[in-house]
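Everything on this sheet refers to the single structure shown next.
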Number of protein chains: 2
Amino acid sequence: MINVERLWSRIEELSGIGKTADNGVTRFSYTREEYEANELVKRYMQQAGLEVYYDAVGNLIGSKSGNKDLPTILLGSHIDTVPNGGKFDGSLGVLTAIEVMESLQDQQILLDHPVKVIAFKDEEGSRFGFGMIGSLAVAGNLNSKALERKDKDGFSIRDALIEYGYDPENIQVAQMTDVKMYLELHIEQGKVLENNEAPVGIVTGIAGPLWLKFKLTGEAEHAGATPMGQRKDPLVAASLIIAEIEKLANQYEDAVATVGTLSLTPGGVNVIPGSVEFTIDLRDISEQVRGRLEKEIRDFATTIVSERKIDLTIEELQRVAPVICSQQIQETIQQSISELDYPVVSLPSGAGHDAMQFKDAFPVGMIFVRSKDGISHNPKEFTAKEDVKAGAEVMLRTLIHLDKS
Amino acid sequence: MINVERLWSRIEELSGIGKTADNGVTRFSYTREEYEANELVKRYMQQAGLEVYYDAVGNLIGSKSGNKDLPTILLGSHIDTVPNGGKFDGSLGVLTAIEVMESLQDQQILLDHPVKVIAFKDEEGSRFGFGMIGSLAVAGNLNSKALERKDKDGFSIRDALIEYGYDPENIQVAQMTDVKMYLELHIEQGKVLENNEAPVGIVTGIAGPLWLKFKLTGEAEHAGATPMGQRKDPLVAASLIIAEIEKLANQYEDAVATVGTLSLTPGGVNVIPGSVEFTIDLRDISEQVRGRLEKEIRDFATTIVSERKIDLTIEELQRVAPVICSQQIQETIQQSISELDYPVVSLPSGAGHDAMQFKDAFPVGMIFVRSKDGISHNPKEFTAKEDVKAGAEVMLRTLIHLDKS
């Protein structure tokens, strides 16, 4: 029932917006590229028979009414990317949801429940160091303090909303109620499905990301004329901490800890750095394990900076609790996979997803699609066309089954 | 004989060009700010009775003929700065040399030797990661390969020469011959004079800087979905190396080693870095000690990257041999200091200076002036007015004595 050629050509076409020299994609939120991408996706939604609008924070929503007066089923993902990311992360979920709706239209199948397909605003957080803006708003949890987060040019989320014609004082109207459940399809971004030779997987839960920003301040001095013993070098202190973070994370089976950004000032070959900033991304499916790891990192850093008379400030950028996926949705996905004769594989998600934001609002479920070599957030990210087809078929069946539940 | 008020007001006036928010100075070579600063210094030189011209690479030269047909005495320093540097580093040497020449003019003293005062192009190397462009050219050692060095916008020294009207094929005419000696006054940028309560010091030699650029390449992957054991994280490898560099340098009495720049790509909070570049500045007054330290760092880095399957390339940006100052010039400076009743202090220079480039060309000497708290390459860099006066008096006497030698 799925038209995989249509879906595949849309993946290609969408990846042309924000294309990088490496054949990757860079699309940050509230930029010209992201706006163009949204307008293209809007046309796909219209072709699928959806009524399309932007909500109060710029989420793109395609809406289809149901046969009965029932709560809405939400399908969604995001179309923003990390710097020089791939063409499947996020985009595949949005485009597959549209393909599912267009296939239903092609077959003249009408569902009982209303369905909304959402392309969420800024899942990755690459621009403002703060992700999941759109899904937070739909969950009713985007607070106005978060809007003060700034990008590296000092431009805040609030400024970006205003630039694109949204009212920062009106974001709460993006909240959705009367929702039956949320279902998201996403590439795995790991190697579990590949190792199990399964095109599709059932997600059991999502490890929550905790993002911290460390700022170390020492003393910028002449690299030639300042003896080693008289230095307050924040980069050496940062290096000791970064090396230790890896060791501490290695103690736990599933925990991951990553320093993905680091910048220093003033930045001369012959100048001892005066200050260093870096971020830490900490994840585990257990909130308790993540908390223990966080404490160990903070304690180690505090010891290092006090020994070295370096000043340290730690800012919490976001703290998302892990989420368990709905048992009912997991079982329905499993049923669909079995009907299609694919292997049944269940796995947790190490990556965060918009689905996490709906933890306390309504049931959530996720379908994973195999990623080649587990690579993502990279131009080499790839999912084969037959796996894209398998994912869309599973999602279509899952939606039809859930509609009857 | 020195007009310290005139000199002091010129230090202030010059520091207004390229002034930063922190009250520091940023003046990179071949920029509008540096050009404006050169034009201001040109006017000072003209007031001091010098004939002024720019040479083939943009060194600003003020020339005074002597009573006799003798080799030229060179006085000089630089007026470019590190990012957010101070107002004394380099500028004090140029402005003091001009003040010395203007004082001689005021007193109607004519020297036997011709004198040239030079404001050298780009001593710091902050823009192109390659310093001492002007003094290399005067020494006849600026080769055309060096002109390919690029700034962070991909603009080369060659491009900069062309932009400012110089011919990159003609740089060899900047070489000076028939030179008697080179004398430079500079702030100490350390605390030896302060600890000895001496306003002025005699430089015995200059530790040579060796600059290396390390590039580590791993694999950029998703921070949440890539288990710790499956990563090739170049930032963790870089951190281990940076922490070890400090330990290795600490083994030696005088050696210093600094990582002053570090950048990574792609730079997302939730992306494992794919590559990291950083520079190392290594110095010692003994070339042998510096070489031993370099080898230890290279060996350690090679071990770390091979354990972690990270790719490493090391580029040598510059390698300057340490220099011993002329015994005759040292003795003449000491005589002048004694005549003025200042304490006699001799010390090596940990920082590199333009003087180093003349090692194989003609005798060099340097006068150091006390810096408050030894701070430099920083807006807090400061030398008191009475120390500026002492430095200028010592330089004037030294020049008069050397002229008779």
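Note on naming: chains are A, B, ... as they come in the structure tokens, residues start from 1 per chain, ligands start from 1 in the order shown.
Residues of chain A lying within 6 Å of chain B, counting only C-alpha atoms, are Ser126, Gln189, Gly190, Glu221, His222, Ala223, Gly224, Ala225, Met228, Val236, Ser239, Leu240, Ala243, Val256, Thr258, Gly260, Thr261, Gly267, Gly268, Val269, Val271, Ile272, Pro273, Gly350, Ala351, Ile375, Ser376 and His377 of chain A.
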Mind writing the picked residues with C-alpha atoms as a PDB file, in the first residue's frame?
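Done, and the output landed in result22.pdb:
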```pdb
ATOM      1  CA  SER A 126      21.951  22.945  17.707  1.00  0.00           C
ATOM      2  CA  GLN A 189      21.153   5.911  15.118  1.00  0.00           C
ATOM      3  CA  GLY A 190      22.787   2.804  16.580  1.00  0.00           C
ATOM      4  CA  GLU A 221      49.052  35.342  30.063  1.00  0.00           C
ATOM      5  CA  HIS A 222      52.057  35.258  27.756  1.00  0.00           C
ATOM      6  CA  ALA A 223      52.872  31.697  26.731  1.00  0.00           C
ATOM      7  CA  GLY A 224      56.629  32.329  26.677  1.00  0.00           C
ATOM      8  CA  ALA A 225      57.132  34.447  29.771  1.00  0.00           C
ATOM      9  CA  MET A 228      54.572  26.527  34.225  1.00  0.00           C
ATOM     10  CA  VAL A 236      44.592  22.052  31.097  1.00  0.00           C
ATOM     11  CA  SER A 239      41.335  18.563  29.600  1.00  0.00           C
ATOM     12  CA  LEU A 240      41.714  16.698  32.896  1.00  0.00           C
ATOM     13  CA  ALA A 243      39.470  12.772  30.079  1.00  0.00           C
ATOM     14  CA  VAL A 256      27.029   7.810  27.639  1.00  0.00           C
ATOM     15  CA  THR A 258      29.915  13.477  25.481  1.00  0.00           C
ATOM     16  CA  GLY A 260      30.526  18.001  21.877  1.00  0.00           C
ATOM     17  CA  THR A 261      31.399  21.715  21.998  1.00  0.00           C
ATOM     18  CA  GLY A 267      42.672  32.011  21.285  1.00  0.00           C
ATOM     19  CA  GLY A 268      46.245  32.987  20.294  1.00  0.00           C
ATOM     20  CA  VAL A 269      49.005  30.419  19.667  1.00  0.00           C
ATOM     21  CA  VAL A 271      48.622  33.148  24.779  1.00  0.00           C
ATOM     22  CA  ILE A 272      47.623  30.937  27.708  1.00  0.00           C
ATOM     23  CA  PRO A 273      43.801  30.679  27.493  1.00  0.00           C
ATOM     24  CA  GLY A 350      19.919   6.148  23.537  1.00  0.00           C
ATOM     25  CA  ALA A 351      19.032   9.278  21.602  1.00  0.00           C
ATOM     26  CA  ILE A 375      26.059   6.413  11.949  1.00  0.00           C
ATOM     27  CA  SER A 376      23.973   9.547  12.372  1.00  0.00           C
ATOM     28  CA  HIS A 377      24.503  13.275  12.940  1.00  0.00           C
TER      29      HIS A 377
END
```
Just the strand (DSSP E or B) stuff from segment 62-213 of chain B, please, per backbone DSSP, written as a ChimeraX atom specification. /B:62-64,72-78,85,115-120,150,156,179-187,200-206,208-213
Kindly indicate which residue among A:Ile329, A:Ile400, A:Ala392, A:Ala21 lies nearest to Val94 of chain A, using only C-alpha atoms for the distances.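 Using only C-alpha atoms, the shortest distance to Val94 of chain A belongs to A:Ala392.
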Show which residues sit within 12 Å of Gln105 of chain A, as a list of chain:residue names. Count only C-alpha atoms, and ignore same-chain residues fewer than 2 positions away.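 Listed by chain and then number, they are A:Met1, A:Ile2, A:Asn3, A:Met45, A:Gln46, A:Gln47, A:Ala48, A:Gly49, A:Leu50, A:Lys64, A:Ile98, A:Glu99, A:Val100, A:Met101, A:Glu102, A:Ser103, A:Gln107, A:Gln108, A:Ile109, A:Leu110, A:Leu111, A:Leu396.
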Filtering to N, CA, C and O atoms, could you give me those residues as a compact mmCIF listing (two decimals), in the first residue's frame?
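Produced file part_14.txt, reproduced below:
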```txt
# COMPACT_ATOMS: atom_id res chain seq x y z
N MET A 1 0.81 -1.22 0.00
CA MET A 1 0.00 0.00 0.00
C MET A 1 0.85 1.28 0.00
O MET A 1 0.39 2.33 -0.42
N ILE A 2 2.10 1.15 0.54
CA ILE A 2 2.98 2.32 0.61
C ILE A 2 3.60 2.60 -0.77
O ILE A 2 4.01 1.68 -1.47
N ASN A 3 3.67 3.90 -1.15
CA ASN A 3 4.35 4.28 -2.39
C ASN A 3 5.79 4.70 -2.03
O ASN A 3 6.07 5.86 -1.77
N MET A 45 2.17 17.73 2.62
CA MET A 45 1.01 17.50 3.50
C MET A 45 -0.29 17.78 2.75
O MET A 45 -1.26 17.03 2.87
N GLN A 46 -0.28 18.87 1.97
CA GLN A 46 -1.49 19.23 1.22
C GLN A 46 -1.81 18.15 0.18
O GLN A 46 -2.97 17.77 0.01
N GLN A 47 -0.74 17.60 -0.47
CA GLN A 47 -0.96 16.52 -1.43
C GLN A 47 -1.54 15.29 -0.76
O GLN A 47 -2.26 14.49 -1.38
N ALA A 48 -1.22 15.12 0.53
CA ALA A 48 -1.74 13.97 1.28
C ALA A 48 -3.14 14.22 1.82
O ALA A 48 -3.66 13.41 2.60
N GLY A 49 -3.72 15.35 1.45
CA GLY A 49 -5.09 15.62 1.86
C GLY A 49 -5.22 16.19 3.27
O GLY A 49 -6.28 16.12 3.88
N LEU A 50 -4.13 16.75 3.77
CA LEU A 50 -4.18 17.32 5.13
C LEU A 50 -4.44 18.82 5.05
O LEU A 50 -4.04 19.49 4.10
N LYS A 64 -6.09 15.92 9.73
CA LYS A 64 -7.11 15.15 8.99
C LYS A 64 -8.21 14.81 9.99
O LYS A 64 -7.92 14.24 11.06
N ILE A 98 3.57 11.46 6.61
CA ILE A 98 2.82 12.04 5.49
C ILE A 98 2.49 10.93 4.46
O ILE A 98 1.36 10.85 3.95
N GLU A 99 3.48 10.06 4.20
CA GLU A 99 3.27 8.98 3.23
C GLU A 99 2.16 8.04 3.71
O GLU A 99 1.32 7.59 2.92
N VAL A 100 2.15 7.75 5.01
CA VAL A 100 1.10 6.90 5.59
C VAL A 100 -0.27 7.54 5.35
O VAL A 100 -1.22 6.88 4.90
N MET A 101 -0.37 8.86 5.58
CA MET A 101 -1.66 9.55 5.39
C MET A 101 -2.04 9.59 3.91
O MET A 101 -3.21 9.46 3.55
N GLU A 102 -1.03 9.75 3.03
CA GLU A 102 -1.34 9.82 1.60
C GLU A 102 -1.74 8.43 1.07
O GLU A 102 -2.62 8.32 0.20
N SER A 103 -1.11 7.38 1.62
CA SER A 103 -1.49 6.02 1.22
C SER A 103 -2.93 5.73 1.64
O SER A 103 -3.70 5.12 0.87
N GLN A 107 -6.01 4.89 -0.92
CA GLN A 107 -6.86 3.70 -0.75
C GLN A 107 -8.27 4.08 -0.30
O GLN A 107 -9.06 3.18 0.00
N GLN A 108 -8.53 5.36 -0.19
CA GLN A 108 -9.83 5.85 0.30
C GLN A 108 -10.24 5.23 1.62
O GLN A 108 -11.39 4.89 1.86
N ILE A 109 -9.22 5.07 2.50
CA ILE A 109 -9.51 4.58 3.85
C ILE A 109 -9.67 5.78 4.77
O ILE A 109 -8.78 6.64 4.83
N LEU A 110 -10.77 5.85 5.47
CA LEU A 110 -11.00 6.91 6.45
C LEU A 110 -10.87 6.33 7.84
O LEU A 110 -11.46 5.29 8.14
N LEU A 111 -10.09 6.98 8.70
CA LEU A 111 -9.93 6.49 10.08
C LEU A 111 -11.03 7.06 10.96
O LEU A 111 -11.64 8.08 10.64
N LEU A 396 2.00 2.31 8.96
CA LEU A 396 0.64 2.34 8.42
C LEU A 396 -0.24 1.32 9.14
O LEU A 396 -1.35 1.64 9.60
```
Selection near segment 157-169 of chain A, 8 Å with only C-alpha atoms, sequence-local residues under 4 positions removed, as a PyMOL selection string: chain A and resi 30+56-58+128+144+146-150
Go ahead and write the selection's residues with all heavy atoms as a PDB file, in the first residue's frame.
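As a result, part17.pdb now contains:
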```
ATOM      1  N   TYR A  30      14.384  28.336  12.827  1.00  0.00           N
ATOM      2  CA  TYR A  30      14.116  29.751  12.569  1.00  0.00           C
ATOM      3  C   TYR A  30      15.190  30.355  11.669  1.00  0.00           C
ATOM      4  O   TYR A  30      15.759  31.418  11.973  1.00  0.00           O
ATOM      5  CB  TYR A  30      14.015  30.546  13.881  1.00  0.00           C
ATOM      6  CG  TYR A  30      12.952  30.042  14.840  1.00  0.00           C
ATOM      7  CD1 TYR A  30      13.307  29.363  16.004  1.00  0.00           C
ATOM      8  CD2 TYR A  30      11.596  30.238  14.584  1.00  0.00           C
ATOM      9  CE1 TYR A  30      12.351  28.899  16.896  1.00  0.00           C
ATOM     10  CE2 TYR A  30      10.625  29.779  15.468  1.00  0.00           C
ATOM     11  CZ  TYR A  30      11.008  29.114  16.622  1.00  0.00           C
ATOM     12  OH  TYR A  30      10.064  28.657  17.499  1.00  0.00           O
ATOM     13  N   ALA A  56       1.553  28.243  17.217  1.00  0.00           N
ATOM     14  CA  ALA A  56       2.039  29.487  17.828  1.00  0.00           C
ATOM     15  C   ALA A  56       3.553  29.568  18.000  1.00  0.00           C
ATOM     16  O   ALA A  56       4.096  30.637  18.288  1.00  0.00           O
ATOM     17  CB  ALA A  56       1.355  29.693  19.188  1.00  0.00           C
ATOM     18  N   VAL A  57       4.286  28.454  17.859  1.00  0.00           N
ATOM     19  CA  VAL A  57       5.756  28.519  17.912  1.00  0.00           C
ATOM     20  C   VAL A  57       6.390  28.153  16.568  1.00  0.00           C
ATOM     21  O   VAL A  57       7.607  28.131  16.446  1.00  0.00           O
ATOM     22  CB  VAL A  57       6.350  27.611  19.022  1.00  0.00           C
ATOM     23  CG1 VAL A  57       5.878  28.060  20.394  1.00  0.00           C
ATOM     24  CG2 VAL A  57       6.044  26.137  18.777  1.00  0.00           C
ATOM     25  N   GLY A  58       5.529  27.838  15.575  1.00  0.00           N
ATOM     26  CA  GLY A  58       6.066  27.508  14.260  1.00  0.00           C
ATOM     27  C   GLY A  58       6.119  26.023  13.960  1.00  0.00           C
ATOM     28  O   GLY A  58       6.705  25.617  12.958  1.00  0.00           O
ATOM     29  N   PHE A 128      20.401  26.983  19.687  1.00  0.00           N
ATOM     30  CA  PHE A 128      20.288  27.722  20.950  1.00  0.00           C
ATOM     31  C   PHE A 128      20.822  26.917  22.146  1.00  0.00           C
ATOM     32  O   PHE A 128      20.702  27.349  23.293  1.00  0.00           O
ATOM     33  CB  PHE A 128      18.823  28.106  21.215  1.00  0.00           C
ATOM     34  CG  PHE A 128      18.228  28.984  20.141  1.00  0.00           C
ATOM     35  CD1 PHE A 128      17.398  28.450  19.158  1.00  0.00           C
ATOM     36  CD2 PHE A 128      18.530  30.337  20.097  1.00  0.00           C
ATOM     37  CE1 PHE A 128      16.858  29.258  18.162  1.00  0.00           C
ATOM     38  CE2 PHE A 128      18.002  31.151  19.108  1.00  0.00           C
ATOM     39  CZ  PHE A 128      17.159  30.611  18.132  1.00  0.00           C
ATOM     40  N   SER A 144       8.554  30.695  29.464  1.00  0.00           N
ATOM     41  CA  SER A 144       9.071  31.898  28.810  1.00  0.00           C
ATOM     42  C   SER A 144      10.528  32.138  29.169  1.00  0.00           C
ATOM     43  O   SER A 144      11.244  32.808  28.425  1.00  0.00           O
ATOM     44  CB  SER A 144       8.193  33.105  29.110  1.00  0.00           C
ATOM     45  OG  SER A 144       8.482  33.593  30.370  1.00  0.00           O
ATOM     46  N   ALA A 146      12.830  29.880  29.027  1.00  0.00           N
ATOM     47  CA  ALA A 146      13.600  29.160  27.999  1.00  0.00           C
ATOM     48  C   ALA A 146      13.802  30.015  26.756  1.00  0.00           C
ATOM     49  O   ALA A 146      14.789  29.857  26.034  1.00  0.00           O
ATOM     50  CB  ALA A 146      12.892  27.865  27.628  1.00  0.00           C
ATOM     51  N   LEU A 147      12.857  30.935  26.517  1.00  0.00           N
ATOM     52  CA  LEU A 147      12.952  31.765  25.309  1.00  0.00           C
ATOM     53  C   LEU A 147      14.151  32.705  25.342  1.00  0.00           C
ATOM     54  O   LEU A 147      14.537  33.272  24.322  1.00  0.00           O
ATOM     55  CB  LEU A 147      11.669  32.592  25.120  1.00  0.00           C
ATOM     56  CG  LEU A 147      10.362  31.811  25.040  1.00  0.00           C
ATOM     57  CD1 LEU A 147       9.219  32.757  24.687  1.00  0.00           C
ATOM     58  CD2 LEU A 147      10.441  30.679  24.012  1.00  0.00           C
ATOM     59  N   GLU A 148      14.764  32.868  26.529  1.00  0.00           N
ATOM     60  CA  GLU A 148      15.922  33.762  26.643  1.00  0.00           C
ATOM     61  C   GLU A 148      17.217  33.106  26.155  1.00  0.00           C
ATOM     62  O   GLU A 148      18.245  33.760  26.033  1.00  0.00           O
ATOM     63  CB  GLU A 148      16.099  34.244  28.089  1.00  0.00           C
ATOM     64  CG  GLU A 148      14.868  34.916  28.687  1.00  0.00           C
ATOM     65  CD  GLU A 148      14.276  35.988  27.776  1.00  0.00           C
ATOM     66  OE1 GLU A 148      15.036  36.698  27.097  1.00  0.00           O
ATOM     67  OE2 GLU A 148      13.027  36.078  27.725  1.00  0.00           O
ATOM     68  N   ARG A 149      17.188  31.804  25.904  1.00  0.00           N
ATOM     69  CA  ARG A 149      18.392  31.118  25.384  1.00  0.00           C
ATOM     70  C   ARG A 149      18.841  31.786  24.096  1.00  0.00           C
ATOM     71  O   ARG A 149      18.027  32.072  23.228  1.00  0.00           O
ATOM     72  CB  ARG A 149      18.082  29.653  25.051  1.00  0.00           C
ATOM     73  CG  ARG A 149      17.555  28.886  26.203  1.00  0.00           C
ATOM     74  CD  ARG A 149      18.681  28.313  27.023  1.00  0.00           C
ATOM     75  NE  ARG A 149      18.109  27.527  28.093  1.00  0.00           N
ATOM     76  CZ  ARG A 149      18.833  26.877  28.987  1.00  0.00           C
ATOM     77  NH1 ARG A 149      20.147  26.905  28.945  1.00  0.00           N
ATOM     78  NH2 ARG A 149      18.246  26.193  29.940  1.00  0.00           N
ATOM     79  N   LYS A 150      20.146  31.971  23.998  1.00  0.00           N
ATOM     80  CA  LYS A 150      20.681  32.707  22.851  1.00  0.00           C
ATOM     81  C   LYS A 150      21.551  31.814  21.972  1.00  0.00           C
ATOM     82  O   LYS A 150      22.194  30.894  22.456  1.00  0.00           O
ATOM     83  CB  LYS A 150      21.523  33.880  23.345  1.00  0.00           C
ATOM     84  CG  LYS A 150      20.706  34.997  23.985  1.00  0.00           C
ATOM     85  CD  LYS A 150      21.610  36.174  24.327  1.00  0.00           C
ATOM     86  CE  LYS A 150      20.814  37.385  24.791  1.00  0.00           C
ATOM     87  NZ  LYS A 150      20.085  37.184  26.046  1.00  0.00           N
TER      88      LYS A 150
END
```
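Of the listed residues (A:Leu7, A:Met132, A:Ala384, A:Val323), A:Val323 comes nearest to Lys359 of chain A; the distances count only C-alpha atoms.
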May I ask which of the residues A:Asp311, A:Asp373, A:Glu316, A:Glu194 is the closest one to Pro343 of chain A, counting only C-alpha atoms?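 Under the stated criterion, the closest residue is A:Glu194.
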Exercise: Trp8 of chain A partners within 8 Å, only C-alpha atoms, chain neighbours under 3 positions left out, as a ChimeraX atom specification: /A:4-5,11-12,385,388
Can you tell me, as a list in words, what residues are no more than 9 Å from Pro199 of chain B when counting only C-alpha atoms, ignoring any on the same chain fewer than 3 positions away?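 Once the nearby chain positions are removed, what remains is Leu193, Glu194, Asn196, Tyr342, Pro343, Phe368, Val369, Arg370, Ser371, Glu386, Asp387, Val388, Ala390 and Gly391 of chain B.
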So what do you get for atom CA of Glu123 of chain A versus atom CA of Tyr182 of chain A, distance-wise? 15.7 Å
What does the structure give for the distance between atom CA of Arg397 of chain B and atom CA of Val115 of chain B, in Å to one decimal?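 Separation of atom CA of Arg397 of chain B and atom CA of Val115 of chain B: 14.5 Å.
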Do you have the atom CA of Ser9 of chain A-atom CA of Leu340 of chain A distance handy? 23.7 Å
Could you pull out all residues of segment 200-287 of chain A with a DSSP call of helix (DSSP H, G or I) and give them as a count of residues only? 21
Excluding same-chain residues fewer than 6 positions from segment 73-80 of chain B, what lies within 7 Å of it counting only C-alpha atoms, as JSON, numbers by chain? {"B": [27, 28, 29, 34, 90, 91, 93, 94, 97, 113, 114, 115, 116, 117, 118, 119, 120, 121, 122, 123, 124, 179, 180, 181, 182, 183, 184, 354]}
Shortest interatomic distance to Leu312 of chain B - which of B:Thr217, B:Asn195, B:Gln328, B:Ser336, counting only C-alpha atoms: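 Of B:Thr217, B:Asn195, B:Gln328, B:Ser336, the one nearest Leu312 of chain B is B:Thr217, counting only C-alpha atoms.
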